[in-house]
Every structure is written in structure tokens, then in C-alpha cells.
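S.K.: To start, I am sharing the structure in question, which I have written as C-alpha cells.
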Amino acid sequence: HFRDIRCVNTLDNIFKKAKYPERVFVGVVQQKHTEKDEFDCVRNYCAKYQGQACPFKRNIQIIEFTHQDAKGPSYARYLEDSLIGNEEFCMQIDAHTDFTLHWDLELMKMWGQIDNEYAVISAIPPDVSLLERNGLNGPNQAVPHLCQATFDARGMAVNLPPLAAVGLNKPILSPLWSAAFSFSKCHAEKKTPTDPFMQWIYDGDEFPKFARLWTRGYDVYTPHKIVVGHDYGNTMAEGKVLPDAMAWLQNGMDMNP
């Protein structure tokens with residue numbers, strides 16, 4: 001995360017809402033302003049429990065560096081890949097994410113339905129507010145389905161906003177991949193690591209990742225249930241003012257006058 005105080009609640013959510021939290025291991029890449037940021041993702045997560053034993057702290061690894069060394073989300077994800085150990089399944093999310101109850105069990109069930117060792121479940125998550133809606137994941141549930149891309153002014157292939165797929169009873173193939181949520185066997189991440197040279201790029205990194213997955217035999221699927229939400233409205237900040245999430249771009253401008 002880049003100076004994102006919502007990382008604290010994301011950590012809390014990922015363990016608290018898992019069916020088997022003891023099986024969940026988290027890697028955090030923390031980019032902090034060394035002079036302005038008082039929060040720390042792991043320390044503040046533990047502080048929520050007010051002197052009690054910090055739940056699953058042993059399951060958390062962290063890479064931390066100053067905001068001045070930040071080179072954008074792709075570089076951070078590349079570093080995050082180095083934290084993968086001998087885990088069987090890997091999930092990539094943003095630092096401002098919430099989950100449905102027993103998200104881990106639901107994802108395993110979905111992955112099993114596909115019956116493809118090289119399956120990657122990925123989508124642009126809906127807003128976290130949807131997770132509290134009555135009737136979520138009912139028979140006519142609409143889910144975000146990535147199926148359109150375009151070339152932007154830079155000549156880079158970028159995802160267009162998702163359309164809706166309705167009434168699915170299992171994951172369906174998708175021609176695109178999202179960095180905001182991805183779940184697969186860890187060999188997918190090891191065989192297609194994030195490109196560390198795509199620096200100071202906010203978007204445009206997803207299609208190259210999809211291309212490397214597909215050319216190595218992986219298929220991307222849209223989940224038929226909603227299990228992950230993205231905090232588009234900053235509700236997870238609990239009223240706190242968020243630092244400029246795009247300030248890392250200035251580092252690239254400083255180096256490329």
C-alpha cells in the first residue's frame with residue numbers, strides 16, 4: 001500500500017471473515033512517508049486489540065520502504081511476489097479491500113468447480129457497500145465481468161469498465177485480468193511475476209500480465225459470486241483524511257524531467 005491507512009482494516013477483515021484464518025498468510029508492501037505518516041499497517045492492526053495477543057501476527061510478512069523510493073503499484077507487486085513461500089494458493093488484492101464471510105472457503109469452492117489446475121479467478125471488485133446487501137449471491141446475482149479493452153493515448157492496452165454477468169452458477173472464462181483481485185495456485189504467480197520495470201504506471205500493467213498468464217497456459221475466469229469488495233468511497237478510512245494515493249508519480253517526474 002502507498003500511505004493507505006485502510007490497510008489496517010483490510011488486515012482485520014481478511015482474518016476475521018475467513019473460515020480458516022490460521023491458514024491465511026499475508027504479505028504487505030508498505031510505502032510510508034517517513035516524516036508525516038504516524039500509522040503502521042501491522043502495528044495499528046495489532047493496536048485494535050488493545051493489549052490482547054495480536055491475532056495471526058505470525059502469519060504476516062512485511063516489506064517496508066520510504067515513499068521516496070516508491071515506483072508505483074507494479075513495482076510494489078513485484079516486491080510482494082518475493083514474499084510467496086510454499087503456499088498452495090495465492091490471492092492478490094488492494095490495501096483497501098473487504099470480504100464476505102468465509103471468503104476463503106467460497107473461493108476454494110469456486111476454484112474447484114472450474115476443474116482446471118491453471119485457473120485464475122479475477123475480476124474488478126464491486127464497492128464494499130454491496131457486501132452488506134440483503135440477498136447477496138442469490139440466484140440472479142450480477143457480477144462484474146471484464147470483457148472489453150482498448151488502446152489509450154499512450155498506445156497501451158487497458159481494461160475498460162466491466163459489464164455485468166447475471167445468473168451464473170459457476171465461474172466463466174474472461175479475456176482479461178484485474179490486478180485488484182486475483183486468486184490462483186501460487187505457481188501462476190511464480191511463473192508470471194509482476195514486471196518490475198513497469199514503473200510509475202497506474203494502469204496499463206494488467207494486459208501484459210494477462211498475456212503472460214495466457215501464453216503460459218493459464219485461463220482467467222470471472223467469479224460467479226461476489227466475495228471481495230473494493231473501497232471506492234473511502235468508507236474504510238472511518239472518517240480519516242487519506243494522503244494523496246498518487247503522489248508516487250512525482251518520484252517518476254523527478255527522475256524524468
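Each chain of the C-alpha cells is named A, B, ... in the order shown, its residues numbered from 1; ligands are numbered from 1 in display order.
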Write down as an MDAnalysis selection string the residues of stretch 22-256 of chain A whose backbone DSSP state falls under alpha helix (DSSP H).
M.R.: chainID A and resid 41:47 73:81 103:114 186:191 206:215 249:255
S.K.: Could you dump the residues just selected with C-alpha atoms as a PDB file, in the first residue's frame?
M.R.:
```pdb
ATOM      1  CA  CYS A  41      -0.347  -1.242   8.920  1.00  0.00           C
ATOM      2  CA  VAL A  42       0.666  -4.144  11.160  1.00  0.00           C
ATOM      3  CA  ARG A  43       1.246  -2.156  14.352  1.00  0.00           C
ATOM      4  CA  ASN A  44      -2.121  -0.384  14.087  1.00  0.00           C
ATOM      5  CA  TYR A  45      -3.848  -3.670  13.260  1.00  0.00           C
ATOM      6  CA  CYS A  46      -2.492  -5.158  16.485  1.00  0.00           C
ATOM      7  CA  ALA A  47      -3.446  -1.991  18.391  1.00  0.00           C
ATOM      8  CA  PRO A  73       1.853  -0.379  -7.891  1.00  0.00           C
ATOM      9  CA  SER A  74       3.560  -2.743 -10.354  1.00  0.00           C
ATOM     10  CA  TYR A  75       6.897  -2.352  -8.611  1.00  0.00           C
ATOM     11  CA  ALA A  76       5.227  -2.917  -5.233  1.00  0.00           C
ATOM     12  CA  ARG A  77       3.519  -6.072  -6.525  1.00  0.00           C
ATOM     13  CA  TYR A  78       6.850  -7.312  -7.845  1.00  0.00           C
ATOM     14  CA  LEU A  79       8.288  -6.965  -4.336  1.00  0.00           C
ATOM     15  CA  GLU A  80       5.228  -8.644  -2.883  1.00  0.00           C
ATOM     16  CA  ASP A  81       5.862 -11.701  -5.078  1.00  0.00           C
ATOM     17  CA  TRP A 103     -14.480 -15.771   1.652  1.00  0.00           C
ATOM     18  CA  ASP A 104     -11.642 -18.298   1.738  1.00  0.00           C
ATOM     19  CA  LEU A 105     -13.981 -21.291   1.633  1.00  0.00           C
ATOM     20  CA  GLU A 106     -16.070 -19.731  -1.142  1.00  0.00           C
ATOM     21  CA  LEU A 107     -13.018 -19.090  -3.304  1.00  0.00           C
ATOM     22  CA  MET A 108     -11.787 -22.650  -2.843  1.00  0.00           C
ATOM     23  CA  LYS A 109     -15.216 -23.980  -3.837  1.00  0.00           C
ATOM     24  CA  MET A 110     -15.255 -21.773  -6.934  1.00  0.00           C
ATOM     25  CA  TRP A 111     -11.753 -22.804  -7.940  1.00  0.00           C
ATOM     26  CA  GLY A 112     -12.732 -26.454  -7.528  1.00  0.00           C
ATOM     27  CA  GLN A 113     -15.821 -26.002  -9.713  1.00  0.00           C
ATOM     28  CA  ILE A 114     -13.644 -24.881 -12.606  1.00  0.00           C
ATOM     29  CA  CYS A 186       0.786 -19.904  -6.480  1.00  0.00           C
ATOM     30  CA  HIS A 187       2.620 -21.415  -9.422  1.00  0.00           C
ATOM     31  CA  ALA A 188       0.786 -18.840 -11.556  1.00  0.00           C
ATOM     32  CA  GLU A 189       2.480 -16.008  -9.662  1.00  0.00           C
ATOM     33  CA  LYS A 190       5.847 -17.743  -9.727  1.00  0.00           C
ATOM     34  CA  LYS A 191       5.691 -18.376 -13.482  1.00  0.00           C
ATOM     35  CA  GLU A 206      -2.888  -5.573 -16.359  1.00  0.00           C
ATOM     36  CA  PHE A 207      -2.994  -6.609 -20.015  1.00  0.00           C
ATOM     37  CA  PRO A 208       0.725  -7.562 -20.128  1.00  0.00           C
ATOM     38  CA  LYS A 209       0.161  -9.708 -17.021  1.00  0.00           C
ATOM     39  CA  PHE A 210      -2.849 -11.346 -18.676  1.00  0.00           C
ATOM     40  CA  ALA A 211      -0.806 -12.006 -21.825  1.00  0.00           C
ATOM     41  CA  ARG A 212       1.947 -13.701 -19.819  1.00  0.00           C
ATOM     42  CA  LEU A 213      -0.596 -15.814 -17.950  1.00  0.00           C
ATOM     43  CA  TRP A 214      -2.380 -16.884 -21.133  1.00  0.00           C
ATOM     44  CA  THR A 215       0.780 -17.694 -23.073  1.00  0.00           C
ATOM     45  CA  LEU A 249       4.021   9.664  -9.588  1.00  0.00           C
ATOM     46  CA  GLN A 250       6.105  12.657  -8.527  1.00  0.00           C
ATOM     47  CA  ASN A 251       9.064  10.335  -7.996  1.00  0.00           C
ATOM     48  CA  GLY A 252       8.987   9.391 -11.671  1.00  0.00           C
ATOM     49  CA  MET A 253       8.644  13.024 -12.709  1.00  0.00           C
ATOM     50  CA  ASP A 254      11.627  13.947 -10.566  1.00  0.00           C
ATOM     51  CA  MET A 255      13.730  11.298 -12.278  1.00  0.00           C
TER      52      MET A 255
END
```
S.K.: Can you build me a table of stretch 64-85 of chain A residues sitting at most 6 Å from stretch 24-36 of chain A, with the closest atom pair per residue and its distance in Å to one decimal, using only C-alpha atoms, sorted by chain and residue number, as a tab-separated table?
M.R.:
```
residue	atom	partner	partner_atom	distance
A:Glu64	CA	A:Gln30	CA	4.6
A:Phe65	CA	A:Gln31	CA	5.3
A:Thr66	CA	A:Lys32	CA	5.2
A:His67	CA	A:Lys32	CA	5.1
```
S.K.: Those same residues - N, CA, C and O atoms - I'd like them written as a JSON list (two decimals), in the first residue's frame.
M.R.:
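Okay, this is what ended up in selection.json:
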```json
[["chain", "number", "residue", "atom", "x", "y", "z"],
["A", 64, "GLU", "N", 8.90, -2.94, 3.89],
["A", 64, "GLU", "CA", 8.61, -1.53, 4.14],
["A", 64, "GLU", "C", 9.73, -0.65, 3.58],
["A", 64, "GLU", "O", 10.92, -0.98, 3.71],
["A", 65, "PHE", "N", 9.34, 0.43, 2.94],
["A", 65, "PHE", "CA", 10.33, 1.41, 2.48],
["A", 65, "PHE", "C", 9.67, 2.78, 2.39],
["A", 65, "PHE", "O", 8.45, 2.92, 2.43],
["A", 66, "THR", "N", 10.50, 3.81, 2.27],
["A", 66, "THR", "CA", 10.01, 5.18, 2.26],
["A", 66, "THR", "C", 9.25, 5.50, 0.98],
["A", 66, "THR", "O", 9.52, 4.92, -0.08],
["A", 67, "HIS", "N", 8.35, 6.46, 1.08],
["A", 67, "HIS", "CA", 7.56, 6.89, -0.08],
["A", 67, "HIS", "C", 8.46, 7.42, -1.18],
["A", 67, "HIS", "O", 8.10, 7.39, -2.36]]
```
S.K.: Measuring atom to atom with only C-alpha atoms, identify which of A:Gly229, A:Pro223, A:Pro55, A:Gly72 is nearest to A:Asn169.
M.R.: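 When distances to A:Asn169 are compared using only C-alpha atoms, the smallest one comes from A:Pro223.
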S.K.: Set the distance at 12 Å and use only C-alpha atoms: which residues neighbour stretch 149-163 of chain A once local chain neighbours fewer than 3 positions away are removed? I'd like the list as number ranges by chain.
M.R.: A: 122-126, 142-146, 166, 174-180, 198, 201-211, 222
S.K.: List every residue of stretch 117-250 of chain A that DSSP, applied to the backbone, labels as strand (DSSP E or B), and write the result as a ChimeraX atom specification.
M.R.: /A:119-122,127,142-145,149-151,157-159,163-166,172-174,181-185,219-222,228-230
S.K.: Using only C-alpha atoms, which residue out of A:Ile226, A:Tyr232, A:Gly51, A:Tyr118 lies closest to A:Arg133?
M.R.: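 When distances to A:Arg133 are compared using only C-alpha atoms, the smallest one comes from A:Ile226.
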S.K.: To one decimal in Å, tell me the separation between atom CA of A:Asn13 and atom CA of A:Ile121.
M.R.: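 Atom CA of A:Ile121 lies 20.1 Å from atom CA of A:Asn13.
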S.K.: Rounded to one decimal in Å, what is the spacing between atom CA of A:Asp98 and atom CA of A:His230?
M.R.: 6.6 Å
